[in-house]
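First up is the structure itself, then whatever we jot down about it.
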Amino acid sequence: MTRLYYAVLLAVATTQFAYANDFPTRARVEFVLDCMRSSKAPPQESMYKCSCAIDDIASKVDYATWVDLSTVANATTIAGERGGVMRDLKDGRKMAASFRELQAAAKKSCFLND
């Protein structure tokens, strides 16, 4: 019974880890490059800090969720009707807030100061 319990626990933990880190390399690189452009730290330092930030984010949400959150958060800043579509979503403001909270937490844990 104990072995079965540990086997199931290990399977669940491994499955969650695999889904949480499904960010494609391209998405990670784009995030790091964008982060480095906005960082005031020297390039080498900002590369490490920005890599840390995307790893932190990937440990908390899967890639599909990240895409949804970032799409809504970025689209709500578009003026006019096009941005209004996202602003009018039922949970659009919550999604945008979640996106900003994830980014802020990652920046804080990786010592990225704006």
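Identifiers in this document derive from the order of the structure tokens: chains are assigned A, B, ..., residues are numbered from 1 separately in each chain, and ligands are numbered from 1 in order of occurrence.
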Which polymer residues have any atom within 7 Å of an atom of region 65-74 of chain A, counting only C-alpha atoms, with same-chain residues fewer than 4 positions away left out, as number ranges by chain? A: 61, 86, 92, 95-96, 99
Neighbours of region 101-111 of chain A within 7 Å (only C-alpha atoms; same-chain residues fewer than 5 positions away dropped), as a PyMOL selection string? chain A and resi 49+52-53+56-57
Might you pull out every residue within 12 Å of Glu45 (chain A), with only C-alpha atoms counted and same-chain residues fewer than 6 positions away left off, and present them as a ChimeraX atom specification? /A:32,35-36,39,51-52,110-113
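CA of Asp62 (chain A) lies 6.3 Å from CA of Asp22 (chain A).
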